[in-house]
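**Student:** Coordinates in model-v1.tsv, TSV, N, CA and C atoms, are listed below.
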chain	number	residue	atom	x	y	z
A	1	MET	N	7.51	3.83	30.66
A	1	MET	CA	6.56	3.42	29.63
A	1	MET	C	5.88	2.15	30.09
A	2	GLU	N	4.57	2.12	30.00
A	2	GLU	CA	3.82	0.93	30.36
A	2	GLU	C	3.58	0.09	29.12
A	3	VAL	N	3.63	-1.21	29.29
A	3	VAL	CA	3.37	-2.12	28.18
A	3	VAL	C	2.08	-2.86	28.49
A	4	TYR	N	1.19	-2.93	27.54
A	4	TYR	CA	-0.12	-3.55	27.70
A	4	TYR	C	-0.16	-4.89	26.98
A	5	GLY	N	0.44	-5.92	27.57
A	5	GLY	CA	0.40	-7.24	26.98
A	5	GLY	C	1.13	-7.28	25.65
A	6	ALA	N	0.80	-8.26	24.86
A	6	ALA	CA	1.41	-8.40	23.54
A	6	ALA	C	0.73	-7.43	22.58
A	7	VAL	N	1.45	-6.42	22.16
A	7	VAL	CA	0.88	-5.39	21.30
A	7	VAL	C	1.72	-5.29	20.03
A	8	GLY	N	1.07	-5.23	18.90
A	8	GLY	CA	1.75	-5.02	17.63
A	8	GLY	C	1.13	-3.85	16.92
A	9	ALA	N	1.89	-3.23	16.06
A	9	ALA	CA	1.36	-2.09	15.30
A	9	ALA	C	1.92	-2.12	13.89
A	10	THR	N	1.11	-1.66	12.96
A	10	THR	CA	1.54	-1.55	11.58
A	10	THR	C	1.23	-0.15	11.10
A	11	LEU	N	2.21	0.51	10.52
A	11	LEU	CA	2.00	1.83	9.93
A	11	LEU	C	1.86	1.64	8.43
A	12	LEU	N	0.69	1.97	7.91
A	12	LEU	CA	0.41	1.73	6.51
A	12	LEU	C	0.68	2.93	5.62
A	13	VAL	N	0.76	4.11	6.22
A	13	VAL	CA	0.97	5.33	5.45
A	13	VAL	C	2.41	5.77	5.68
A	14	THR	N	3.14	6.07	4.60
A	14	THR	CA	4.53	6.46	4.73
A	14	THR	C	4.82	7.73	3.94
A	15	ALA	N	5.91	8.36	4.31
A	15	ALA	CA	6.41	9.51	3.55
A	15	ALA	C	7.92	9.48	3.67
A	16	SER	N	8.58	9.91	2.63
A	16	SER	CA	10.02	10.04	2.66
A	16	SER	C	10.33	11.52	2.74
A	17	VAL	N	10.85	11.96	3.88
A	17	VAL	CA	11.13	13.38	4.10
A	17	VAL	C	12.64	13.54	4.25
A	18	ALA	N	13.25	14.21	3.29
A	18	ALA	CA	14.71	14.39	3.31
A	18	ALA	C	15.12	15.39	4.39
A	19	GLU	N	14.34	16.43	4.57
A	19	GLU	CA	14.67	17.47	5.53
A	19	GLU	C	13.39	18.15	5.99
A	20	TRP	N	13.33	18.54	7.25
A	20	TRP	CA	12.14	19.17	7.83
A	20	TRP	C	12.39	20.65	8.04
A	21	SER	N	11.38	21.47	7.79
A	21	SER	CA	11.40	22.86	8.27
A	21	SER	C	10.76	22.82	9.65
A	22	GLU	N	11.06	23.78	10.50
A	22	GLU	CA	10.48	23.71	11.84
A	22	GLU	C	10.10	25.07	12.37
A	23	ALA	N	9.20	25.06	13.32
A	23	ALA	CA	8.74	26.26	14.02
A	23	ALA	C	8.51	25.87	15.47
A	24	ILE	N	8.80	26.79	16.38
A	24	ILE	CA	8.55	26.56	17.80
A	24	ILE	C	7.11	26.96	18.11
A	25	ILE	N	6.40	26.10	18.78
A	25	ILE	CA	5.01	26.38	19.18
A	25	ILE	C	5.06	27.35	20.36
A	26	GLN	N	4.47	28.52	20.20
A	26	GLN	CA	4.58	29.58	21.20
A	26	GLN	C	3.49	29.55	22.27
A	27	GLN	N	2.38	28.89	22.01
A	27	GLN	CA	1.27	28.83	22.97
A	27	GLN	C	0.79	27.39	23.06
A	28	ASP	N	0.27	27.03	24.23
A	28	ASP	CA	-0.30	25.69	24.40
A	28	ASP	C	-1.38	25.47	23.35
A	29	ILE	N	-1.46	24.24	22.88
A	29	ILE	CA	-2.49	23.87	21.91
A	29	ILE	C	-3.34	22.78	22.56
A	30	ASP	N	-4.62	23.03	22.68
A	30	ASP	CA	-5.54	22.04	23.20
A	30	ASP	C	-5.83	21.00	22.13
A	31	PHE	N	-6.06	19.77	22.55
A	31	PHE	CA	-6.30	18.70	21.58
A	31	PHE	C	-7.40	19.06	20.60
A	32	ALA	N	-8.46	19.71	21.08
A	32	ALA	CA	-9.58	20.06	20.21
A	32	ALA	C	-9.16	21.05	19.11
A	33	GLU	N	-8.06	21.79	19.32
A	33	GLU	CA	-7.59	22.79	18.36
A	33	GLU	C	-6.43	22.28	17.50
A	34	LEU	N	-5.98	21.04	17.73
A	34	LEU	CA	-4.76	20.57	17.08
A	34	LEU	C	-4.85	20.60	15.56
A	35	ASP	N	-5.91	20.10	14.98
A	35	ASP	CA	-6.03	20.10	13.52
A	35	ASP	C	-5.94	21.51	12.95
A	36	GLU	N	-6.66	22.44	13.57
A	36	GLU	CA	-6.66	23.83	13.10
A	36	GLU	C	-5.26	24.44	13.21
A	37	LYS	N	-4.56	24.17	14.31
A	37	LYS	CA	-3.23	24.75	14.51
A	37	LYS	C	-2.21	24.14	13.55
A	38	ILE	N	-2.31	22.85	13.28
A	38	ILE	CA	-1.41	22.24	12.30
A	38	ILE	C	-1.64	22.88	10.93
A	39	ALA	N	-2.89	23.11	10.57
A	39	ALA	CA	-3.21	23.77	9.30
A	39	ALA	C	-2.61	25.18	9.27
A	40	ASP	N	-2.70	25.91	10.40
A	40	ASP	CA	-2.13	27.26	10.47
A	40	ASP	C	-0.61	27.22	10.28
A	41	PHE	N	0.07	26.30	10.98
A	41	PHE	CA	1.52	26.18	10.83
A	41	PHE	C	1.89	25.80	9.40
A	42	ALA	N	1.14	24.89	8.82
A	42	ALA	CA	1.41	24.46	7.45
A	42	ALA	C	1.27	25.63	6.48
A	43	ALA	N	0.21	26.40	6.63
A	43	ALA	CA	-0.01	27.55	5.75
A	43	ALA	C	1.11	28.58	5.93
A	44	ALA	N	1.52	28.82	7.18
A	44	ALA	CA	2.61	29.78	7.44
A	44	ALA	C	3.93	29.30	6.83
A	45	ALA	N	4.09	27.98	6.70
A	45	ALA	CA	5.31	27.42	6.11
A	45	ALA	C	5.21	27.31	4.59
A	46	GLY	N	4.08	27.76	4.02
A	46	GLY	CA	3.93	27.77	2.57
A	46	GLY	C	3.25	26.55	1.98
A	47	PHE	N	2.68	25.71	2.83
A	47	PHE	CA	1.98	24.52	2.34
A	47	PHE	C	0.49	24.79	2.20
A	48	ASP	N	-0.14	24.08	1.31
A	48	ASP	CA	-1.58	24.16	1.14
A	48	ASP	C	-2.22	23.31	2.24
A	49	PRO	N	-2.88	23.93	3.21
A	49	PRO	CA	-3.46	23.15	4.31
A	49	PRO	C	-4.64	22.27	3.90
A	50	LEU	N	-5.06	22.37	2.65
A	50	LEU	CA	-6.13	21.50	2.16
A	50	LEU	C	-5.58	20.18	1.62
A	51	GLN	N	-4.25	20.08	1.52
A	51	GLN	CA	-3.62	18.86	1.05
A	51	GLN	C	-3.11	18.05	2.24
A	52	ARG	N	-3.01	16.74	2.08
A	52	ARG	CA	-2.44	15.90	3.13
A	52	ARG	C	-0.96	16.23	3.27
A	53	LEU	N	-0.50	16.24	4.52
A	53	LEU	CA	0.85	16.69	4.80
A	53	LEU	C	1.42	15.93	5.99
A	54	PRO	N	2.61	15.34	5.84
A	54	PRO	CA	3.23	14.69	6.99
A	54	PRO	C	3.69	15.75	7.98
A	55	PHE	N	3.62	15.42	9.28
A	55	PHE	CA	4.12	16.32	10.31
A	55	PHE	C	4.77	15.51	11.42
A	56	LEU	N	5.62	16.20	12.19
A	56	LEU	CA	6.29	15.59	13.32
A	56	LEU	C	6.32	16.66	14.41
A	57	ILE	N	5.81	16.33	15.59
A	57	ILE	CA	5.80	17.26	16.72
A	57	ILE	C	6.57	16.60	17.86
A	58	GLU	N	7.53	17.35	18.40
A	58	GLU	CA	8.32	16.85	19.53
A	58	GLU	C	8.12	17.78	20.73
A	59	GLY	N	7.93	17.21	21.89
A	59	GLY	CA	7.78	18.00	23.11
A	59	GLY	C	6.99	17.25	24.15
A	60	LYS	N	6.57	17.94	25.18
A	60	LYS	CA	5.75	17.33	26.22
A	60	LYS	C	4.28	17.38	25.80
A	61	VAL	N	3.55	16.36	26.15
A	61	VAL	CA	2.10	16.35	25.95
A	61	VAL	C	1.44	16.12	27.31
A	62	GLN	N	0.25	16.65	27.45
A	62	GLN	CA	-0.50	16.52	28.70
A	62	GLN	C	-1.87	15.94	28.40
A	63	ASP	N	-2.20	14.84	29.04
A	63	ASP	CA	-3.52	14.21	28.86
A	63	ASP	C	-3.88	14.06	27.39
A	64	PHE	N	-2.95	13.52	26.62
A	64	PHE	CA	-3.12	13.42	25.17
A	64	PHE	C	-3.78	12.10	24.81
A	65	PRO	N	-4.98	12.13	24.25
A	65	PRO	CA	-5.63	10.89	23.82
A	65	PRO	C	-5.06	10.43	22.48
A	66	TYR	N	-4.85	9.15	22.34
A	66	TYR	CA	-4.40	8.61	21.07
A	66	TYR	C	-5.02	7.24	20.86
A	67	HIS	N	-4.92	6.75	19.65
A	67	HIS	CA	-5.49	5.45	19.35
A	67	HIS	C	-4.54	4.65	18.47
A	68	ILE	N	-4.63	3.35	18.61
A	68	ILE	CA	-3.86	2.42	17.79
A	68	ILE	C	-4.88	1.56	17.07
A	69	ILE	N	-4.87	1.64	15.76
A	69	ILE	CA	-5.87	0.92	14.96
A	69	ILE	C	-5.49	-0.54	14.85
A	70	ASP	N	-6.44	-1.40	15.16
A	70	ASP	CA	-6.28	-2.85	15.01
A	70	ASP	C	-6.89	-3.22	13.67
A	71	GLY	N	-6.03	-3.39	12.67
A	71	GLY	CA	-6.50	-3.68	11.32
A	71	GLY	C	-7.39	-4.89	11.22
A	72	SER	N	-7.22	-5.86	12.14
A	72	SER	CA	-8.05	-7.06	12.09
A	72	SER	C	-9.49	-6.76	12.49
A	73	LYS	N	-9.72	-5.61	13.14
A	73	LYS	CA	-11.07	-5.23	13.55
A	73	LYS	C	-11.69	-4.19	12.64
A	74	LEU	N	-10.94	-3.75	11.63
A	74	LEU	CA	-11.45	-2.74	10.71
A	74	LEU	C	-12.46	-3.35	9.75
A	75	VAL	N	-13.60	-2.72	9.64
A	75	VAL	CA	-14.66	-3.18	8.75
A	75	VAL	C	-14.15	-3.11	7.31
A	76	ALA	N	-14.44	-4.13	6.52
A	76	ALA	CA	-14.00	-4.16	5.12
A	76	ALA	C	-14.43	-2.88	4.42
A	77	GLY	N	-13.48	-2.21	3.80
A	77	GLY	CA	-13.76	-0.96	3.10
A	77	GLY	C	-13.85	0.25	4.00
A	78	GLY	N	-13.67	0.06	5.30
A	78	GLY	CA	-13.77	1.17	6.25
A	78	GLY	C	-12.58	2.10	6.16
A	79	THR	N	-12.80	3.33	5.72
A	79	THR	CA	-11.69	4.27	5.56
A	79	THR	C	-11.89	5.57	6.33
A	80	SER	N	-13.05	5.74	6.94
A	80	SER	CA	-13.31	7.00	7.64
A	80	SER	C	-12.63	7.01	9.00
A	81	HIS	N	-12.51	8.20	9.57
A	81	HIS	CA	-11.93	8.35	10.91
A	81	HIS	C	-12.78	7.57	11.92
A	82	GLN	N	-14.08	7.61	11.76
A	82	GLN	CA	-14.98	6.87	12.67
A	82	GLN	C	-14.74	5.36	12.56
A	83	ASP	N	-14.54	4.86	11.35
A	83	ASP	CA	-14.24	3.44	11.17
A	83	ASP	C	-12.94	3.08	11.89
A	84	HIS	N	-11.93	3.95	11.77
A	84	HIS	CA	-10.64	3.70	12.42
A	84	HIS	C	-10.78	3.71	13.93
A	85	LEU	N	-11.55	4.67	14.46
A	85	LEU	CA	-11.75	4.72	15.92
A	85	LEU	C	-12.47	3.48	16.43
A	86	ALA	N	-13.45	3.02	15.68
A	86	ALA	CA	-14.21	1.84	16.10
A	86	ALA	C	-13.33	0.59	16.13
A	87	ALA	N	-12.26	0.57	15.35
A	87	ALA	CA	-11.38	-0.60	15.28
A	87	ALA	C	-10.07	-0.34	16.05
A	88	SER	N	-10.11	0.56	17.03
A	88	SER	CA	-8.86	0.93	17.70
A	88	SER	C	-8.90	0.70	19.20
A	89	ILE	N	-7.69	0.66	19.75
A	89	ILE	CA	-7.49	0.71	21.19
A	89	ILE	C	-7.29	2.18	21.50
A	90	GLN	N	-8.07	2.73	22.45
A	90	GLN	CA	-7.96	4.15	22.76
A	90	GLN	C	-7.34	4.33	24.13
A	91	VAL	N	-6.34	5.20	24.20
A	91	VAL	CA	-5.55	5.41	25.42
A	91	VAL	C	-5.37	6.91	25.60
A	92	SER	N	-5.11	7.32	26.84
A	92	SER	CA	-4.77	8.71	27.10
A	92	SER	C	-3.49	8.73	27.92
A	93	ALA	N	-2.49	9.48	27.46
A	93	ALA	CA	-1.22	9.60	28.16
A	93	ALA	C	-1.32	10.72	29.18
A	94	GLY	N	-0.64	10.58	30.31
A	94	GLY	CA	-0.51	11.67	31.27
A	94	GLY	C	0.45	12.69	30.69
A	95	THR	N	1.22	13.36	31.52
A	95	THR	CA	2.23	14.28	31.02
A	95	THR	C	3.48	13.47	30.71
A	96	THR	N	3.94	13.57	29.47
A	96	THR	CA	5.08	12.77	29.03
A	96	THR	C	5.76	13.43	27.84
A	97	ASP	N	7.03	13.12	27.64
A	97	ASP	CA	7.71	13.54	26.42
A	97	ASP	C	7.18	12.67	25.29
A	98	ALA	N	6.98	13.29	24.14
A	98	ALA	CA	6.42	12.52	23.03
A	98	ALA	C	6.94	13.03	21.70
A	99	THR	N	6.93	12.15	20.74
A	99	THR	CA	7.14	12.50	19.34
A	99	THR	C	5.89	12.04	18.61
A	100	LEU	N	5.15	12.99	18.10
A	100	LEU	CA	3.91	12.68	17.38
A	100	LEU	C	4.21	12.75	15.89
A	101	ILE	N	3.94	11.68	15.21
A	101	ILE	CA	4.16	11.62	13.77
A	101	ILE	C	2.82	11.31	13.12
A	102	GLY	N	2.49	12.06	12.11
A	102	GLY	CA	1.21	11.80	11.47
A	102	GLY	C	1.10	12.49	10.14
A	103	PHE	N	-0.07	12.37	9.58
A	103	PHE	CA	-0.40	13.07	8.36
A	103	PHE	C	-1.57	13.98	8.68
A	104	TYR	N	-1.39	15.27	8.42
A	104	TYR	CA	-2.49	16.20	8.61
A	104	TYR	C	-3.40	16.09	7.40
A	105	SER	N	-4.66	16.12	7.68
A	105	SER	CA	-5.67	16.20	6.64
A	105	SER	C	-6.80	17.01	7.24
A	106	ASP	N	-7.40	17.90	6.46
A	106	ASP	CA	-8.44	18.73	7.04
A	106	ASP	C	-9.66	17.88	7.36
A	107	HIS	N	-9.68	16.71	6.97
A	107	HIS	CA	-10.80	15.72	7.11
A	107	HIS	C	-10.61	14.96	8.42
A	108	ALA	N	-5.53	17.07	16.08
A	108	ALA	CA	-5.55	15.87	16.69
A	108	ALA	C	-5.34	16.46	17.97
A	109	MET	N	-2.97	17.56	22.99
A	109	MET	CA	-2.69	18.91	23.60
A	109	MET	C	-1.19	19.11	23.46
A	110	ILE	N	-0.89	20.10	22.73
A	110	ILE	CA	0.52	20.32	22.53
A	110	ILE	C	0.88	21.63	23.22
A	111	PRO	N	1.79	21.62	24.21
A	111	PRO	CA	2.11	22.85	24.93
A	111	PRO	C	3.15	23.70	24.21
A	112	ALA	N	3.23	24.98	24.63
A	112	ALA	CA	4.24	25.90	24.11
A	112	ALA	C	5.62	25.31	24.36
A	113	GLY	N	6.55	25.56	23.46
A	113	GLY	CA	7.89	25.05	23.58
A	113	GLY	C	8.11	23.77	22.80
A	114	SER	N	7.03	23.13	22.34
A	114	SER	CA	7.16	21.94	21.51
A	114	SER	C	7.63	22.38	20.12
A	115	THR	N	8.17	21.45	19.38
A	115	THR	CA	8.67	21.73	18.04
A	115	THR	C	7.80	21.02	17.03
A	116	ILE	N	7.45	21.72	15.97
A	116	ILE	CA	6.70	21.12	14.88
A	116	ILE	C	7.58	21.20	13.63
A	117	ARG	N	7.64	20.12	12.88
A	117	ARG	CA	8.49	20.07	11.69
A	117	ARG	C	7.66	19.65	10.48
A	118	PHE	N	8.00	20.26	9.34
A	118	PHE	CA	7.42	19.90	8.06
A	118	PHE	C	8.55	19.67	7.08
A	119	PRO	N	8.32	18.96	5.98
A	119	PRO	CA	9.39	18.79	4.99
A	119	PRO	C	9.83	20.16	4.47
A	120	LEU	N	11.12	20.31	4.19
A	120	LEU	CA	11.58	21.54	3.55
A	120	LEU	C	11.10	21.53	2.11
A	121	LYS	N	10.67	22.66	1.63
A	121	LYS	CA	10.19	22.75	0.24
A	121	LYS	C	11.34	22.85	-0.70
Kindly transcribe the structure held in the file into structure tokens.

**Tutor:**
Amino acid sequence: MEVYGAVGATLLVTASVAEWSEAIIQQDIDFAELDEKIADFAAAAGFDPLQRLPFLIEGKVQDFPYHIIDGSKLVAGGTSHQDHLAASIQVSAGTTDATLIGFYSDHAMIPAGSTIRFPLK
């Protein structure tokens, strides 16, 4: 793991998940298709893909772009994805093991064999 100077992060969105349901990802997922595939997995697990939903993906990622939002650079009142990107450090990982934690919203490359988990209903 490379460290880029003094870096801090704050996670402002939280969820309390007592137990996760899971499914094995059977085919590689390209980054451009990630949102759609998370929605598909959520729907298959009985969730409404139009609602915000916490997710956790474990496995290898390849050339996965990600960003870390610097809240001090966020424009006052900025809540859009574009606002967050403008106030972020953007990085791309090579091939590495990863745990991706996030909230799906219909408003993110995951290869086959990775695990995706959702809260148990």

**Student:** For a test of reading the model, state the distance in Å between CA of Leu85 (chain A) and CA of Trp20 (chain A), rounded to one decimal.

**Tutor:**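 Going from CA of Leu85 (chain A) over to CA of Trp20 (chain A) covers 29.1 Å.
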
**Student:** I want to know what sits within 5 Å of Lys60 (chain A), based on only N, CA and C atoms, with residues of the same chain fewer than 6 positions away left out; could you give that as a PyMOL selection string?

**Tutor:** chain A and resi 96-98

**Student:** Give me the residues near region 70-75 of chain A as a list in words, where near means some atom within 7 Å (using only C-alpha atoms) and where sequence neighbours in that chain fewer than 3 positions away do not count.

**Tutor:** Gly78, Asp83, His84, Ala87 and Ser88 of chain A

**Student:** Choose the residue, out of A:Ala93, A:Ala42, A:Ile116, A:Val17, that has the smallest atom-to-atom separation from Gln62 (chain A); count all atoms listed in the file.

**Tutor:**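 Among the listed residues, the smallest separation from Gln62 (chain A) belongs to A:Ala93.
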
**Student:** Between atom N of Ala45 (chain A) and CA of Glu33 (chain A), what distance in Å does the model show, to one decimal?

**Tutor:** 17.3 Å

**Student:** At a cut-off of 5 Å, using only N, CA and C atoms, what residues contact region 49-58 of chain A? Leave out same-chain residues fewer than 6 positions from it and give the result as a PyMOL selection string.

**Tutor:** chain A and resi 98-105+114-117

**Student:** Please run DSSP on the backbone and report, as a ChimeraX atom specification, all residues within region 19-98 of chain A that come out as strand (DSSP E or B).

**Tutor:** /A:20-24,29,53-61,64-69,88-93,96-98

**Student:** Please return as an NGL selection string: the residues of region 15-115 of chain A that backbone DSSP assigns to helix (DSSP H, G or I).

**Tutor:** :A and (31-44 or 71-73 or 81-86)

**Student:** Using N, CA and C atoms, can you export the residues from the last selection as a PDB file, keeping the file's coordinate frame?

**Tutor:**
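Contents of out-v3.pdb, as written:
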ATOM      1  N   PHE A  31      -6.060  19.770  22.550  1.00  0.00           N
ATOM      2  CA  PHE A  31      -6.300  18.700  21.580  1.00  0.00           C
ATOM      3  C   PHE A  31      -7.400  19.060  20.600  1.00  0.00           C
ATOM      4  N   ALA A  32      -8.460  19.710  21.080  1.00  0.00           N
ATOM      5  CA  ALA A  32      -9.580  20.060  20.210  1.00  0.00           C
ATOM      6  C   ALA A  32      -9.160  21.050  19.110  1.00  0.00           C
ATOM      7  N   GLU A  33      -8.060  21.790  19.320  1.00  0.00           N
ATOM      8  CA  GLU A  33      -7.590  22.790  18.360  1.00  0.00           C
ATOM      9  C   GLU A  33      -6.430  22.280  17.500  1.00  0.00           C
ATOM     10  N   LEU A  34      -5.980  21.040  17.730  1.00  0.00           N
ATOM     11  CA  LEU A  34      -4.760  20.570  17.080  1.00  0.00           C
ATOM     12  C   LEU A  34      -4.850  20.600  15.560  1.00  0.00           C
ATOM     13  N   ASP A  35      -5.910  20.100  14.980  1.00  0.00           N
ATOM     14  CA  ASP A  35      -6.030  20.100  13.520  1.00  0.00           C
ATOM     15  C   ASP A  35      -5.940  21.510  12.950  1.00  0.00           C
ATOM     16  N   GLU A  36      -6.660  22.440  13.570  1.00  0.00           N
ATOM     17  CA  GLU A  36      -6.660  23.830  13.100  1.00  0.00           C
ATOM     18  C   GLU A  36      -5.260  24.440  13.210  1.00  0.00           C
ATOM     19  N   LYS A  37      -4.560  24.170  14.310  1.00  0.00           N
ATOM     20  CA  LYS A  37      -3.230  24.750  14.510  1.00  0.00           C
ATOM     21  C   LYS A  37      -2.210  24.140  13.550  1.00  0.00           C
ATOM     22  N   ILE A  38      -2.310  22.850  13.280  1.00  0.00           N
ATOM     23  CA  ILE A  38      -1.410  22.240  12.300  1.00  0.00           C
ATOM     24  C   ILE A  38      -1.640  22.880  10.930  1.00  0.00           C
ATOM     25  N   ALA A  39      -2.890  23.110  10.570  1.00  0.00           N
ATOM     26  CA  ALA A  39      -3.210  23.770   9.300  1.00  0.00           C
ATOM     27  C   ALA A  39      -2.610  25.180   9.270  1.00  0.00           C
ATOM     28  N   ASP A  40      -2.700  25.910  10.400  1.00  0.00           N
ATOM     29  CA  ASP A  40      -2.130  27.260  10.470  1.00  0.00           C
ATOM     30  C   ASP A  40      -0.610  27.220  10.280  1.00  0.00           C
ATOM     31  N   PHE A  41       0.070  26.300  10.980  1.00  0.00           N
ATOM     32  CA  PHE A  41       1.520  26.180  10.830  1.00  0.00           C
ATOM     33  C   PHE A  41       1.890  25.800   9.400  1.00  0.00           C
ATOM     34  N   ALA A  42       1.140  24.890   8.820  1.00  0.00           N
ATOM     35  CA  ALA A  42       1.410  24.460   7.450  1.00  0.00           C
ATOM     36  C   ALA A  42       1.270  25.630   6.480  1.00  0.00           C
ATOM     37  N   ALA A  43       0.210  26.400   6.630  1.00  0.00           N
ATOM     38  CA  ALA A  43      -0.010  27.550   5.750  1.00  0.00           C
ATOM     39  C   ALA A  43       1.110  28.580   5.930  1.00  0.00           C
ATOM     40  N   ALA A  44       1.520  28.820   7.180  1.00  0.00           N
ATOM     41  CA  ALA A  44       2.610  29.780   7.440  1.00  0.00           C
ATOM     42  C   ALA A  44       3.930  29.300   6.830  1.00  0.00           C
ATOM     43  N   GLY A  71      -6.030  -3.390  12.670  1.00  0.00           N
ATOM     44  CA  GLY A  71      -6.500  -3.680  11.320  1.00  0.00           C
ATOM     45  C   GLY A  71      -7.390  -4.890  11.220  1.00  0.00           C
ATOM     46  N   SER A  72      -7.220  -5.860  12.140  1.00  0.00           N
ATOM     47  CA  SER A  72      -8.050  -7.060  12.090  1.00  0.00           C
ATOM     48  C   SER A  72      -9.490  -6.760  12.490  1.00  0.00           C
ATOM     49  N   LYS A  73      -9.720  -5.610  13.140  1.00  0.00           N
ATOM     50  CA  LYS A  73     -11.070  -5.230  13.550  1.00  0.00           C
ATOM     51  C   LYS A  73     -11.690  -4.190  12.640  1.00  0.00           C
ATOM     52  N   HIS A  81     -12.510   8.200   9.570  1.00  0.00           N
ATOM     53  CA  HIS A  81     -11.930   8.350  10.910  1.00  0.00           C
ATOM     54  C   HIS A  81     -12.780   7.570  11.920  1.00  0.00           C
ATOM     55  N   GLN A  82     -14.080   7.610  11.760  1.00  0.00           N
ATOM     56  CA  GLN A  82     -14.980   6.870  12.670  1.00  0.00           C
ATOM     57  C   GLN A  82     -14.740   5.360  12.560  1.00  0.00           C
ATOM     58  N   ASP A  83     -14.540   4.860  11.350  1.00  0.00           N
ATOM     59  CA  ASP A  83     -14.240   3.440  11.170  1.00  0.00           C
ATOM     60  C   ASP A  83     -12.940   3.080  11.890  1.00  0.00           C
ATOM     61  N   HIS A  84     -11.930   3.950  11.770  1.00  0.00           N
ATOM     62  CA  HIS A  84     -10.640   3.700  12.420  1.00  0.00           C
ATOM     63  C   HIS A  84     -10.780   3.710  13.930  1.00  0.00           C
ATOM     64  N   LEU A  85     -11.550   4.670  14.460  1.00  0.00           N
ATOM     65  CA  LEU A  85     -11.750   4.720  15.920  1.00  0.00           C
ATOM     66  C   LEU A  85     -12.470   3.480  16.430  1.00  0.00           C
ATOM     67  N   ALA A  86     -13.450   3.020  15.680  1.00  0.00           N
ATOM     68  CA  ALA A  86     -14.210   1.840  16.100  1.00  0.00           C
ATOM     69  C   ALA A  86     -13.330   0.590  16.130  1.00  0.00           C
TER      70      ALA A  86
END
